[in-house]
Structure formats: structure tokens, C-alpha cells
file data.txt (compact mmCIF, C-alpha atoms)
# COMPACT_ATOMS: atom_id res chain seq x y z
CA MET R 1 61.97 -5.24 66.09
CA ILE R 2 59.51 -2.55 65.13
CA LYS R 3 58.08 -1.71 61.73
CA VAL R 4 58.60 1.72 60.22
CA LYS R 5 57.45 3.79 57.27
CA ARG R 6 60.01 5.61 55.20
CA GLN R 7 57.55 7.75 53.28
CA LYS R 8 58.03 11.43 54.01
CA TRP R 9 54.76 13.31 54.40
CA ALA R 10 54.69 17.07 54.44
CA ARG R 11 53.12 17.32 57.84
CA ILE R 12 54.54 16.27 61.18
CA ARG R 13 53.11 12.94 62.29
CA GLN R 14 53.07 11.07 65.56
CA GLY R 15 55.90 8.56 65.56
CA ASP R 16 58.10 10.60 63.23
CA ILE R 17 61.78 10.25 64.05
CA PHE R 18 64.00 13.23 63.38
CA ARG R 19 67.72 13.63 63.72
CA ASP R 20 69.59 16.66 65.08
CA ILE R 21 66.74 18.48 66.78
CA GLU R 22 67.55 21.45 68.95
CA PHE R 23 66.09 22.21 72.33
CA LEU R 24 66.43 25.84 73.35
CA GLU R 25 67.40 25.86 77.02
CA TYR R 26 67.39 29.63 77.47
CA ALA R 27 68.14 32.94 75.82
CA SER R 28 69.28 35.81 77.98
CA GLU R 29 70.59 39.33 77.51
CA VAL R 30 72.78 41.12 80.02
CA SER R 31 74.41 44.45 79.26
CA GLY R 32 74.21 43.99 75.54
CA ILE R 33 75.56 40.44 75.55
CA VAL R 34 73.10 37.88 74.31
CA GLU R 35 73.56 34.25 75.29
CA VAL R 36 71.65 31.38 73.76
CA SER R 37 71.99 27.86 75.10
CA LYS R 38 70.64 24.87 73.27
CA ILE R 39 70.95 21.12 73.31
CA VAL R 40 71.15 19.24 70.04
CA PHE R 41 69.54 15.81 70.32
CA PRO R 42 70.77 13.30 67.74
CA LEU R 43 67.37 11.57 67.58
CA VAL R 44 63.87 12.41 68.78
CA ILE R 45 60.44 10.86 68.29
CA VAL R 46 57.21 12.86 68.00
CA LEU R 47 54.71 12.02 70.75
CA THR R 48 51.95 14.59 70.22
CA GLN R 49 48.64 12.98 69.30
CA ASP R 50 48.35 12.51 65.56
CA CYS R 51 44.85 13.97 65.39
CA ASP R 52 46.14 17.21 66.92
CA LEU R 53 48.99 17.33 64.42
CA GLU R 54 46.59 16.63 61.59
CA GLN R 55 44.20 19.39 62.63
CA ASP R 56 47.05 21.84 63.10
CA TYR R 57 48.41 21.11 59.65
CA LYS R 58 45.02 21.32 58.02
CA PHE R 59 44.06 24.65 59.53
CA ARG R 60 47.49 26.27 59.56
CA TRP R 61 48.59 25.47 56.03
CA SER R 62 45.49 24.76 53.95
CA LYS R 63 45.03 28.43 53.00
CA LYS R 64 41.30 28.05 53.56
CA ASN R 65 39.49 31.01 54.99
CA VAL R 66 39.13 30.17 58.64
CA LYS R 67 37.95 32.62 61.24
CA THR R 68 40.04 31.39 64.13
CA GLN R 69 43.27 29.60 64.88
CA ASP R 70 41.46 27.32 67.29
CA LYS R 71 43.04 24.15 65.97
CA TRP R 72 46.62 25.39 65.97
CA ILE R 73 48.94 23.83 68.49
CA ILE R 74 51.62 25.79 70.29
CA SER R 75 54.32 23.16 70.24
CA VAL R 76 55.01 19.50 69.55
CA ILE R 77 55.94 16.99 72.23
CA VAL R 78 59.02 14.96 71.44
CA ALA R 79 61.23 12.62 73.43
CA PRO R 80 64.87 11.78 72.85
CA LEU R 81 66.14 8.42 71.67
CA TYR R 82 69.41 7.40 73.24
CA ASN R 83 71.85 4.80 72.01
CA ALA R 84 71.00 1.72 74.10
CA GLU R 85 74.67 0.89 74.62
CA HIS R 86 75.19 4.35 76.12
CA VAL R 87 72.14 3.87 78.33
CA TYR R 88 73.54 0.61 79.72
CA GLU R 89 76.72 2.51 80.61
CA GLY R 90 74.79 5.48 81.98
CA SER R 91 76.91 7.67 79.73
CA HIS R 92 74.32 8.87 77.24
CA LEU R 93 74.31 12.42 78.66
CA SER R 94 78.01 12.63 79.39
CA GLU R 95 78.42 15.46 76.89
CA LEU R 96 76.03 17.52 78.99
CA GLY R 97 77.97 16.82 82.16
CA MET R 98 75.34 14.41 83.47
CA LYS R 99 76.00 10.93 84.80
CA MET R 100 73.06 8.56 84.62
CA GLU R 101 72.37 5.35 86.51
CA PRO R 102 74.02 2.38 84.71
CA ILE R 103 71.82 -0.56 83.76
CA ASN R 104 73.40 -4.01 83.74
CA LYS R 105 72.94 -5.18 80.17
CA LYS R 106 73.38 -8.89 80.93
CA LYS R 107 71.25 -9.14 84.03
CA THR R 108 67.60 -8.57 84.87
CA PRO R 109 67.62 -4.76 84.64
CA GLY R 110 68.96 -4.94 81.08
CA LYS R 111 66.45 -7.61 80.12
CA ASN R 112 63.61 -5.62 81.62
CA LEU R 113 64.73 -2.57 79.66
CA ARG R 114 64.72 -4.51 76.39
CA LYS R 115 61.25 -5.87 77.16
CA SER R 116 60.06 -2.30 77.89
CA GLU R 117 58.99 -3.31 81.35
CA VAL R 118 60.53 -0.23 82.92
CA PRO R 119 57.83 2.51 82.76
CA ARG R 120 60.33 5.28 82.10
CA PHE R 121 61.96 3.67 79.05
CA HIS R 122 60.87 2.26 75.72
CA TYR R 123 63.31 0.06 73.85
CA LEU R 124 63.36 0.09 70.04
CA GLU R 125 65.16 -2.04 67.50
CA PHE R 126 64.92 -0.87 63.92
CA PRO R 127 64.93 -2.80 60.63
CA ASP R 128 68.34 -3.34 59.09
CA ASP R 129 67.80 -0.78 56.36
CA ILE R 130 67.19 1.99 58.89
CA ASP R 131 70.44 3.50 60.04
CA ILE R 132 69.61 3.64 63.74
CA VAL R 133 71.21 1.44 66.38
CA PRO R 134 69.05 -0.13 69.12
CA SER R 135 67.73 2.84 71.04
CA VAL R 136 65.85 3.77 74.16
CA ILE R 137 63.19 6.47 74.49
CA ASP R 138 63.43 8.18 77.86
CA PHE R 139 59.94 9.48 78.66
CA LYS R 140 61.28 11.54 81.56
CA HIS R 141 63.26 13.67 79.12
CA TYR R 142 60.38 14.73 76.90
CA PHE R 143 60.39 18.31 75.70
CA THR R 144 58.52 20.45 73.23
CA SER R 145 59.60 21.85 69.92
CA ASN R 146 58.25 24.64 67.76
CA VAL R 147 55.79 23.54 65.06
CA ASN R 148 57.31 25.61 62.26
CA TYR R 149 60.80 24.60 63.23
CA LEU R 150 59.98 20.90 63.08
CA LYS R 151 58.10 21.27 59.83
CA LYS R 152 61.07 22.91 58.20
CA ARG R 153 63.34 20.24 59.64
CA LYS R 154 61.22 17.49 58.13
CA LYS R 155 62.72 18.16 54.72
CA ILE R 156 66.20 17.04 55.67
CA ASN R 157 66.10 15.66 59.22
CA PHE R 158 63.30 13.11 58.89
CA ILE R 159 64.46 9.51 59.12
CA CYS R 160 61.33 7.39 59.33
CA GLN R 161 57.97 7.05 61.05
CA VAL R 162 57.19 4.31 63.53
CA SER R 163 54.25 2.28 62.19
CA GLU R 164 50.83 2.71 63.77
CA LEU R 165 50.71 -0.32 66.06
CA TYR R 166 54.13 0.41 67.53
CA ARG R 167 53.56 4.12 67.84
CA GLU R 168 50.28 3.48 69.66
CA ASP R 169 52.20 1.32 72.09
CA ILE R 170 54.72 4.12 72.63
CA SER R 171 51.95 6.72 73.00
CA HIS R 172 50.07 4.59 75.50
CA ARG R 173 53.16 3.96 77.60
CA PHE R 174 54.09 7.65 77.53
CA ALA R 175 50.60 8.65 78.72
CA SER R 176 50.77 6.02 81.40
CA TYR R 177 54.17 7.26 82.55
CA LEU R 178 52.99 10.86 82.73
CA SER R 179 49.88 9.97 84.66
CA ARG R 180 51.62 7.88 87.27
CA ILE R 181 50.99 8.76 90.87
CA GLY R 182 53.97 9.17 93.14
CA LEU R 183 53.09 7.67 96.50
CA PRO R 184 55.03 8.62 99.62
CA LEU R 185 57.47 6.10 100.97
CA PRO R 186 56.22 4.25 104.05
CA GLN R 187 57.42 5.79 107.29
CA LYS R 188 60.12 3.87 109.09
CA MET K 1 41.14 10.83 57.87
CA THR K 2 43.40 8.80 55.61
CA ASP K 3 46.97 9.49 54.72
CA ASP K 4 45.99 10.44 51.21
CA GLN K 5 43.90 13.29 52.44
CA ASN K 6 46.85 14.72 54.25
CA THR K 7 49.27 14.56 51.39
CA ALA K 8 50.62 17.94 50.47
CA SER K 9 52.77 19.07 47.63
CA SER K 10 56.34 20.05 48.26
CA ASN K 11 55.28 23.64 47.77
CA ASP K 12 53.31 23.45 50.99
CA TYR K 13 56.48 23.19 53.00
CA ASP K 14 57.31 26.84 53.04
CA SER K 15 54.03 28.44 52.20
CA GLY K 16 52.87 29.25 55.68
CA PRO K 17 53.38 32.29 57.84
CA GLU K 18 56.81 32.76 59.28
CA THR K 19 56.51 33.18 63.01
CA SER K 20 59.97 32.22 64.17
CA THR K 21 61.58 34.41 66.76
CA ILE K 22 64.90 36.06 66.34
CA THR K 23 66.42 33.63 68.75
CA GLN K 24 65.15 30.65 66.86
CA GLU K 25 66.41 31.99 63.59
CA ILE K 26 69.80 32.50 65.08
CA ALA K 27 69.77 29.04 66.55
CA HIS K 28 68.75 27.49 63.24
CA SER K 29 71.42 29.38 61.41
CA ALA K 30 73.92 27.99 63.83
CA THR K 31 72.89 24.40 63.28
CA SER K 32 74.85 23.90 60.14
CA GLN K 33 77.98 25.40 61.60
CA GLN K 34 79.96 22.57 63.08
CA SER K 35 83.19 24.39 63.69
CA LYS K 36 84.03 27.52 65.54
CA GLU K 37 83.27 30.47 63.36
CA LYS K 38 81.76 33.87 63.36
CA TYR K 39 78.70 34.85 61.47
CA LYS K 40 76.25 37.65 61.39
CA THR K 41 72.52 37.67 61.20
CA GLY K 42 71.22 40.19 58.77
CA GLN K 43 67.85 41.66 58.07
CA GLU K 44 66.76 38.61 56.14
CA THR K 45 66.76 36.46 59.27
CA ILE K 46 64.42 38.69 61.17
CA GLY K 47 60.65 38.48 60.81
CA LYS K 48 58.40 41.05 59.28
CA ASP K 49 56.66 42.12 62.40
CA VAL K 50 56.55 45.89 62.71
CA GLU K 51 58.42 45.93 65.99
CA GLN K 52 61.04 43.64 64.58
CA GLU K 53 61.43 45.83 61.52
CA LYS K 54 62.19 48.71 63.83
CA MET K 55 64.74 46.58 65.62
CA GLU K 56 66.50 45.45 62.53
CA LYS K 57 67.17 49.01 61.52
CA ALA K 58 68.79 49.77 64.83
CA VAL K 59 70.44 46.60 65.98
CA ARG K 60 72.68 43.95 64.58
CA TYR K 61 73.77 40.83 66.35
CA GLU K 62 77.18 39.26 66.09
CA PHE K 63 77.55 35.76 67.38
CA GLU K 64 80.41 33.44 67.99
CA ILE K 65 79.59 29.78 68.44
CA ASP K 66 81.29 27.97 71.27
CA ALA K 67 81.07 24.78 69.32
CA GLU K 68 83.24 21.76 69.10
CA LYS K 69 82.40 19.06 66.65
CA TYR K 70 79.20 17.23 67.39
CA HIS K 71 79.72 14.09 69.40
CA ILE K 72 78.00 11.49 67.30
CA GLY K 73 75.28 9.68 69.16
CA LYS K 74 75.05 11.79 72.28
CA PRO K 75 73.21 15.05 72.95
CA LYS K 76 75.48 18.06 72.85
CA ARG K 77 75.11 21.50 74.36
CA LEU K 78 75.95 24.53 72.27
CA ILE K 79 76.20 28.00 73.69
CA LEU K 80 76.11 31.04 71.47
CA ARG K 81 77.21 34.40 72.81
CA GLY K 82 76.77 37.58 70.88
CA LYS K 83 77.11 41.28 71.23
CA ILE K 84 74.33 43.64 70.27
CA ILE K 85 75.73 46.30 68.03
CA HIS K 86 73.87 49.58 67.67
CA ASP K 87 74.36 51.18 64.30

call {"tool": "encode", "arguments": {"input": "data.txt", "output": "C-alpha cells"}}
result
Amino acid sequence: MIKVKRQKWARIRQGDIFRDIEFLEYASEVSGIVEVSKIVFPLVIVLTQDCDLEQDYKFRWSKKNVKTQDKWIISVIVAPLYNAEHVYEGSHLSELGMKMEPINKKKTPGKNLRKSEVPRFHYLEFPDDIDIVPSVIDFKHYFTSNVNYLKKRKKINFICQVSELYREDISHRFASYLSRIGLPLPQK
Amino acid sequence: MTDDQNTASSNDYDSGPETSTITQEIAHSATSQQSKEKYKTGQETIGKDVEQEKMEKAVRYEFEIDAEKYHIGKPKRLILRGKIIHD
């Protein structure tokens, strides 16, 4: 089980968990008809480095006279949290028409998932007073979200922040996953 | 830097520049709508950029959300389709 902080700071922080965050897939216009497609993720965790978020907040909102916007960031990296039970079934993206690989909960694959030994996933169990079921971060499904959008969402969509030690673990594993090197399969 | 140094008053939440795009504003407006309904975006949802001010005089957007109720616990896709109306 991880430790979390419930205190709501004004700025976005690494490890923040938000509910109901939208990802804009596309916006198109054809012959006067505008179409906007978005995915609403029930839970996401902020993965952008906290120092970058801190600098962005300081220089964007402090109202100090600064000559450049050098420290502003363009977007915030987040990754979805999926209900672990749905992940075992491979059904967590069924509403998007996607079938995922099932993971046998009772056998080695399930145990490895819960021990976060699968590079792609990070398993989280929350304290009893946090209303989140055991969940899995899928690093492959990371996306970015607008800074202003997330900041506004913090007022009502913030749930908690993963404590430093645990968020560092998540950050380190995410970086490791992104920097992996795909080697070609040996020729038969 | 410590947490204390980053603490901001609640007034800081909305004190910054508004840079959201039209699309984002529309999307945000749609968030709270969980059932199928029509709504319009008026001038107040469009930014203050000069080009956008020109647009808001000439164009309105009408959207209808293709939304069922959110499926609790799983990501859900929402598609909004709207017609541009020239006044």
C-alpha cells in the first residue's frame, strides 16, 4: 500500500491524481460540421517532473515582471490508472472498443503485476480512506494535458497526491520504460 | 524549494491568462453534461484574442453531444458534432 497526501495545493504537482480528465483525440471541420472527439479517463496521475511544474507555476502565475516565458511548459504528462480487476480481465478499454491482453490474477502474471515487475505497469493500492480501488498505471498509455486545463480541474477533480517516495518510484519506472531499447528478435 | 514556498491563495487559481482554445472550451463545457442535450457556446466561452473576437461576431457553434452516461471506472469516448452557423 502506498502513502498519499490529501492536501490540495494550488499548483499541479508530480504524483497528483485527478479524476475525469479529458484527452482530446482530434478536432476536425468539414463543410461547416465540426467534430470533436475526446476520451474521458476516470483517473490519471501526473508524471511531469515536479521541478518543471514548480518553475512553470512560479513564472506563469506569480505576476512578477519576467522578460520571457522560458520556464513555461507546454503540457503536462499524465498516465491513466485502470481498475486492476478490469486489467486482469483485459476489459479496461472495452468502452473504447479495445480488447486488451488478459492477465491471470491468480498465477504468476498476476503476481508479477502486483509486484510491479512488469515494466509497462505500476500497481497501486491506496489507503482505506481514499476512494480508489487497487489500480494499475499503464505507462504505454501516457498522454499530455493542457496546463491551464489541469490547473482549473484541480479545484474539483483532485483526489490525492502520491507521497514523495512512491512517486519517485513511479517516475523512475516511467523513465526506465520510456528509455527501453527494443531489440530485434533473433532470426530463425 | 519547500511546499510552503509554493503555497498559493485560492485567488491564484483563476488569476492567470486565459489561453484555452475554442475547442477546449467547448470540450470543458461538455464535461458536466452527462446526458444527451443541446447547448450553445456563446461569446463568453471564446478567448479575447483579436482574431477570435472577429470570429465570435460572425460565427456561432451549435453542438449536440453523442453521450451516454459515463461508464464508471472505464475510459469513455465522447464525440461532439456541431454545425457552424453564420449570422

call {"tool": "closest_atom_pairs", "arguments": {"input": "data.txt", "of": "chain R", "to": "chain K", "cutoff": "8 Å", "atoms": "only C-alpha atoms", "output": "tab-separated table"}}
result
residue	atom	partner	partner_atom	distance
R:Trp9	CA	K:Thr7	CA	6.4
R:Ala10	CA	K:Ala8	CA	5.8
R:Arg11	CA	K:Asn6	CA	7.7
R:Ala27	CA	K:Thr23	CA	7.3
R:Gly32	CA	K:Ile84	CA	5.3
R:Ile33	CA	K:Lys83	CA	4.7
R:Val34	CA	K:Gly82	CA	5.0
R:Glu35	CA	K:Arg81	CA	4.4
R:Val36	CA	K:Leu80	CA	5.0
R:Ser37	CA	K:Ile79	CA	4.4
R:Lys38	CA	K:Leu78	CA	5.4
R:Ile39	CA	K:Arg77	CA	4.3
R:Val40	CA	K:Lys76	CA	5.3
R:Phe41	CA	K:Pro75	CA	4.6
R:Pro42	CA	K:Gly73	CA	6.0
R:Glu54	CA	K:Asn6	CA	7.6
R:Lys58	CA	K:Asn6	CA	7.8
R:Arg60	CA	K:Gly16	CA	7.3
R:Trp61	CA	K:Gly16	CA	5.7
R:Tyr82	CA	K:Lys74	CA	7.2
R:Asn83	CA	K:Gly73	CA	6.6
R:His92	CA	K:Lys74	CA	5.8
R:Leu93	CA	K:Pro75	CA	6.4
R:Ser94	CA	K:Lys74	CA	7.7
R:Glu95	CA	K:Lys76	CA	5.6
R:Leu96	CA	K:Arg77	CA	6.2
R:Asn148	CA	K:Ser20	CA	7.4
R:Tyr149	CA	K:Ser20	CA	7.7
R:Lys151	CA	K:Tyr13	CA	7.3
R:Lys152	CA	K:Tyr13	CA	6.9

call {"tool": "residues_around", "arguments": {"input": "data.txt", "residues": "region 135-141 of chain R", "least_positions_apart": "4", "cutoff": "8 Å", "atoms": "only C-alpha atoms", "output": "PDB file with C-alpha atoms, keeping the file's coordinate frame"}}
result
ATOM      1  CA  ALA R  79      61.230  12.620  73.430  1.00  0.00           C
ATOM      2  CA  PRO R  80      64.870  11.780  72.850  1.00  0.00           C
ATOM      3  CA  LEU R  81      66.140   8.420  71.670  1.00  0.00           C
ATOM      4  CA  TYR R  82      69.410   7.400  73.240  1.00  0.00           C
ATOM      5  CA  ASN R  83      71.850   4.800  72.010  1.00  0.00           C
ATOM      6  CA  ALA R  84      71.000   1.720  74.100  1.00  0.00           C
ATOM      7  CA  VAL R  87      72.140   3.870  78.330  1.00  0.00           C
ATOM      8  CA  ARG R 120      60.330   5.280  82.100  1.00  0.00           C
ATOM      9  CA  PHE R 121      61.960   3.670  79.050  1.00  0.00           C
ATOM     10  CA  HIS R 122      60.870   2.260  75.720  1.00  0.00           C
ATOM     11  CA  TYR R 123      63.310   0.060  73.850  1.00  0.00           C
ATOM     12  CA  LEU R 124      63.360   0.090  70.040  1.00  0.00           C
ATOM     13  CA  GLU R 125      65.160  -2.040  67.500  1.00  0.00           C
ATOM     14  CA  PHE R 174      54.090   7.650  77.530  1.00  0.00           C
ATOM     15  CA  TYR R 177      54.170   7.260  82.550  1.00  0.00           C
TER      16      TYR R 177
END

call {"tool": "atom_distance", "arguments": {"input": "data.txt", "atom1": "CA of Thr68 (chain R)", "atom2": "CA of Leu53 (chain R)"}}
result
16.7 Å

call {"tool": "closest_residue", "arguments": {"input": "data.txt", "among": "R:Lys115, R:Lys5, R:Lys188, R:Lys99", "to": "Ile130 (chain R)", "atoms": "only C-alpha atoms"}}
result
R:Lys5

call {"tool": "atom_distance", "arguments": {"input": "data.txt", "atom1": "CA of Ile132 (chain R)", "atom2": "CA of Gln161 (chain R)"}}
result
12.4 Å
